[in-house]
Structures are given as structure tokens and as C-alpha cells.
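J.: Handing over start31.txt, compact mmCIF, C-alpha atoms.
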```
# COMPACT_ATOMS: atom_id res chain seq x y z
CA MET A 587 -49.75 50.19 -28.49
CA SER A 588 -46.68 48.37 -27.61
CA LYS A 589 -43.13 49.47 -27.84
CA PHE A 590 -41.78 45.98 -28.36
CA THR A 591 -42.12 44.20 -31.61
CA GLY A 592 -41.86 40.46 -32.01
CA ASP A 593 -40.38 40.56 -35.49
CA LYS A 594 -36.73 40.26 -34.49
CA LYS A 595 -35.25 36.80 -33.88
CA ARG A 596 -33.31 36.57 -30.70
CA GLU A 597 -29.85 34.97 -30.75
CA MET A 598 -28.88 32.31 -28.27
CA PRO A 599 -26.39 33.72 -25.70
CA GLU A 600 -22.97 32.05 -25.45
CA LEU A 601 -22.40 29.41 -22.79
CA ASN A 602 -20.63 30.83 -19.76
CA THR A 603 -17.48 28.75 -19.18
CA SER A 604 -15.91 30.88 -16.47
CA SER A 605 -16.53 28.24 -13.76
CA LEU A 606 -15.26 25.33 -15.87
CA PRO A 607 -11.62 25.47 -14.59
CA ASP A 608 -12.89 25.40 -11.00
CA LEU A 609 -14.98 22.33 -11.74
CA ILE A 610 -12.11 20.53 -13.45
CA PHE A 611 -9.77 21.38 -10.59
CA SER A 612 -12.29 20.05 -8.06
CA VAL A 613 -12.66 16.75 -9.91
CA LEU A 614 -8.89 16.42 -10.27
CA PHE A 615 -8.41 17.14 -6.57
CA PHE A 616 -11.05 14.54 -5.68
CA PHE A 617 -9.30 11.82 -7.70
CA MET A 618 -5.94 12.75 -6.22
CA MET A 619 -7.33 12.33 -2.72
CA VAL A 620 -9.09 9.01 -3.19
CA THR A 621 -6.45 7.30 -5.33
CA SER A 622 -3.81 5.38 -3.45
CA MET A 623 -0.45 4.96 -5.06
CA ARG A 624 1.80 2.01 -4.49
CA GLU A 625 3.96 3.03 -1.59
CA VAL A 626 6.69 0.43 -1.89
CA GLU A 627 8.69 -0.60 -4.93
CA LEU A 628 9.14 -4.36 -4.71
CA LYS A 629 12.78 -5.36 -4.82
CA VAL A 630 12.17 -9.02 -4.05
CA GLN A 631 10.12 -11.45 -6.02
CA PHE A 632 7.90 -13.88 -4.23
CA GLN A 633 5.22 -16.35 -5.06
CA THR A 634 2.96 -16.74 -2.06
CA PRO A 635 1.83 -20.23 -1.13
CA ALA A 636 -1.78 -21.30 -1.55
CA GLY A 637 -4.04 -21.45 1.49
CA THR A 638 -7.53 -22.73 2.25
CA GLU A 639 -8.49 -20.71 5.35
CA ILE A 640 -8.02 -17.19 4.04
CA GLU A 641 -9.53 -14.01 5.52
CA ARG A 642 -9.41 -10.46 4.20
CA LEU A 643 -7.90 -7.77 6.38
CA GLU A 644 -10.44 -5.19 7.49
CA LYS A 645 -8.31 -2.09 7.96
CA LYS A 646 -5.28 -2.09 5.68
CA SER A 647 -3.92 1.15 7.12
CA LEU A 648 -2.95 -0.77 10.26
CA VAL A 649 -0.82 -3.26 8.32
CA SER A 650 2.94 -2.98 7.80
CA HIS A 651 4.56 -5.30 5.29
CA ILE A 652 7.74 -7.37 5.38
CA TYR A 653 8.71 -8.99 2.07
CA ILE A 654 11.01 -12.02 1.98
CA GLY A 655 12.26 -13.52 -1.27
CA THR A 656 14.98 -13.47 -3.90
CA PRO A 657 16.01 -10.14 -5.46
CA VAL A 658 14.33 -9.16 -8.73
CA LYS A 659 16.32 -9.91 -11.89
CA LYS A 660 17.75 -6.43 -12.35
CA LEU A 661 19.15 -6.40 -8.78
CA ARG A 662 20.35 -10.01 -8.70
CA SER A 663 23.79 -9.17 -10.08
CA GLN A 664 24.30 -6.60 -7.33
CA TYR A 665 22.85 -8.51 -4.35
CA GLY A 666 23.19 -12.15 -5.43
CA PRO A 667 20.57 -14.89 -5.78
CA GLY A 668 20.11 -15.46 -2.02
CA THR A 669 17.01 -14.71 -0.02
CA ARG A 670 16.60 -11.09 1.09
CA ILE A 671 14.34 -9.20 3.49
CA GLN A 672 12.74 -5.97 2.26
CA LEU A 673 11.42 -3.33 4.65
CA ASN A 674 9.75 -0.41 2.87
CA ASP A 675 11.94 0.39 -0.17
CA LYS A 676 15.24 -1.12 0.91
CA TYR A 677 16.86 -4.40 1.77
CA ALA A 678 17.52 -4.98 5.44
CA GLU A 679 18.93 -7.50 7.85
CA VAL A 680 17.05 -9.15 10.67
CA ASP A 681 18.55 -6.67 13.17
CA ALA A 682 16.78 -3.74 11.46
CA ILE A 683 13.30 -5.19 12.01
CA ARG A 684 13.05 -3.87 15.56
CA ASP A 685 13.70 -0.28 14.39
CA TYR A 686 11.29 -0.75 11.46
CA VAL A 687 8.47 -1.83 13.78
CA ALA A 688 9.15 1.10 16.13
CA GLN A 689 9.11 3.54 13.20
CA GLU A 690 5.87 2.12 11.81
CA ARG A 691 4.27 2.22 15.25
CA GLU A 692 5.25 5.87 15.73
CA SER A 693 3.67 6.84 12.41
CA MET A 694 0.26 5.52 13.57
CA ALA A 695 -2.38 7.30 15.56
CA GLU A 696 -2.31 6.54 19.28
CA ARG A 697 -5.66 4.71 19.23
CA ASP A 698 -4.51 2.43 16.37
CA LYS A 699 -1.19 1.30 17.86
CA PRO A 700 -2.63 -1.72 19.74
CA PHE A 701 -4.18 -2.99 16.50
CA MET A 702 -1.00 -2.87 14.41
CA LYS A 703 -0.43 -5.95 12.25
CA ILE A 704 2.67 -7.13 10.46
CA SER A 705 2.00 -8.85 7.15
CA MET A 706 4.72 -11.21 6.03
CA LYS A 707 4.76 -11.82 2.27
CA ILE A 708 7.13 -14.72 1.85
CA ASP A 709 8.21 -16.67 -1.21
CA LYS A 710 7.04 -20.26 -0.97
CA ASP A 711 10.61 -21.53 -1.57
CA THR A 712 12.13 -19.51 1.30
CA GLN A 713 13.87 -21.53 3.98
CA MET A 714 12.13 -21.58 7.32
CA GLY A 715 15.27 -20.44 9.22
CA ILE A 716 14.98 -16.90 7.84
CA VAL A 717 11.27 -16.80 8.67
CA THR A 718 12.01 -17.96 12.22
CA ASP A 719 14.67 -15.26 12.62
CA VAL A 720 12.21 -12.60 11.45
CA LYS A 721 9.53 -13.91 13.83
CA GLN A 722 12.00 -13.78 16.74
CA ALA A 723 12.90 -10.18 15.87
CA LEU A 724 9.19 -9.28 15.71
CA ARG A 725 8.68 -10.90 19.11
CA LYS A 726 11.50 -8.78 20.59
CA ALA A 727 9.87 -5.66 19.09
CA TRP A 728 6.52 -6.60 20.67
CA ALA A 729 4.87 -6.97 17.27
CA LEU A 730 2.88 -10.05 18.14
CA ASN A 731 0.03 -9.75 15.64
CA ILE A 732 1.49 -11.40 12.52
CA VAL A 733 -0.42 -12.08 9.30
CA TYR A 734 0.88 -14.42 6.61
CA SER A 735 -0.15 -13.49 3.08
CA SER A 736 -1.20 -16.20 0.68
CA LYS A 737 -3.32 -16.74 -2.39
CA ARG A 738 -6.53 -18.73 -2.43
CA ALA A 739 -6.05 -22.39 -3.26
CA ALA A 740 -7.76 -23.68 -6.39
CA LYS A 741 -10.70 -25.94 -5.63
```
Represent the supplied structure as C-alpha cells.

T.:
Amino acid sequence: MSKFTGDKKREMPELNTSSLPDLIFSVLFFFMMVTSMREVELKVQFQTPAGTEIERLEKKSLVSHIYIGTPVKKLRSQYGPGTRIQLNDKYAEVDAIRDYVAQERESMAERDKPFMKISMKIDKDTQMGIVTDVKQALRKAWALNIVYSSKRAAK
């Protein structure tokens, strides 16, 4: 004789969702960590020249950018149509490049400092005098590893 009878139908238990918020938070945290946001708002417009011998940079965290070009349309009335230099999120003069390089170098790890690169993103219509002045300022700041950004030439 058995005490249990098999006549009753058993109901399916409800799905336990108590750990669902933890899972969603973990996925959200993962995407926040691996997503990189644009660090700099471009205030100059530039169209890089085309090049044939182009190489990709291996470690982009070692690269600091200098943008040279005309101000974007919404800032042109304030700053004029002339060529401007942008360091991080603000316009700067050639004299500020030395401090910019020192600040960027200080924000790097000690082992990465010798491998620091300066990427110059320059409008193709920019006069060479401004580029020469920037290169001289980089030389005085001992930033001798300069990379020129360009787009791949059409074949």
C-alpha cells in the first residue's frame, strides 16, 4: 500500500526571477566598461589628404591628437574662418602645445611614456607654415614621434 496517489496533476512552479536584476546589471556594467566614448568634441573641420603608404597604429592609448583646420560652421562667427589648432576640447595657440604634451605625458603610465605618439590630423588645405610651427613646438617639448593621419587613396 502506498500513501501517494498519482491521480493529482502537478502544477508547474513559477520561474524564479530573483537573480534577473543582478544579471542585467552585470551585462550593463560589462558594456559600460568595454565601450569607449568619443573623448574630444571636434571644433575644427578637416579633410585629411589621401596617402598610399598607410599603416594602422597598434596601441591607440599611446596616441595624443592635435587637430588643425578651420572652425566648424557654428563656431565660425565667433572665431573667424582662419585655421585653428585644437588640443583636447579647446582651441589653442602654438605656445600651448608644450604644456599639452607635458600633460598628456604625465597622464600615461611610466612604462608607456617613451612610446608616446602625437597624431596630427590636418586639413589638406592648411598652409604649411602652421604645420611647421606646430612641429617646432613638438620638437621643443621632446615629442619626436609624430604620426600624420590620412585616408587611403583610391586605387

J.: Could you tell me, as number ranges by chain, which residues have any atom at most 7 Å from (4.3, -6.0, 7.7), counting all atoms listed in the file?

T.: A: 649-652, 703-706

J.: Dump C-alpha atoms for the selected residues as a short mmCIF file (atom, residue, chain, number, x, y, z; two decimals), in the frame of the given file?

T.:
```cif
data_model
loop_
_atom_site.label_atom_id
_atom_site.label_comp_id
_atom_site.auth_asym_id
_atom_site.auth_seq_id
_atom_site.Cartn_x
_atom_site.Cartn_y
_atom_site.Cartn_z
CA VAL A 649 -0.82 -3.26 8.32
CA SER A 650 2.94 -2.98 7.80
CA HIS A 651 4.56 -5.30 5.29
CA ILE A 652 7.74 -7.37 5.38
CA LYS A 703 -0.43 -5.95 12.25
CA ILE A 704 2.67 -7.13 10.46
CA SER A 705 2.00 -8.85 7.15
CA MET A 706 4.72 -11.21 6.03
#
```

J.: Determine the nearest neighbour of Arg691 in chain A from the options A:Gln664, A:Ser647, A:Gln672, A:Thr718, counting only C-alpha atoms.

T.: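 When distances to Arg691 in chain A are compared using only C-alpha atoms, the smallest one comes from A:Ser647.
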
J.: From the set A:Leu606, A:Gln631, A:Met702, A:Met714, which residue has the shortest atom-to-atom contact distance to Lys646 in chain A, counting only C-alpha atoms?

T.: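 The closest residue to Lys646 in chain A is A:Met702.
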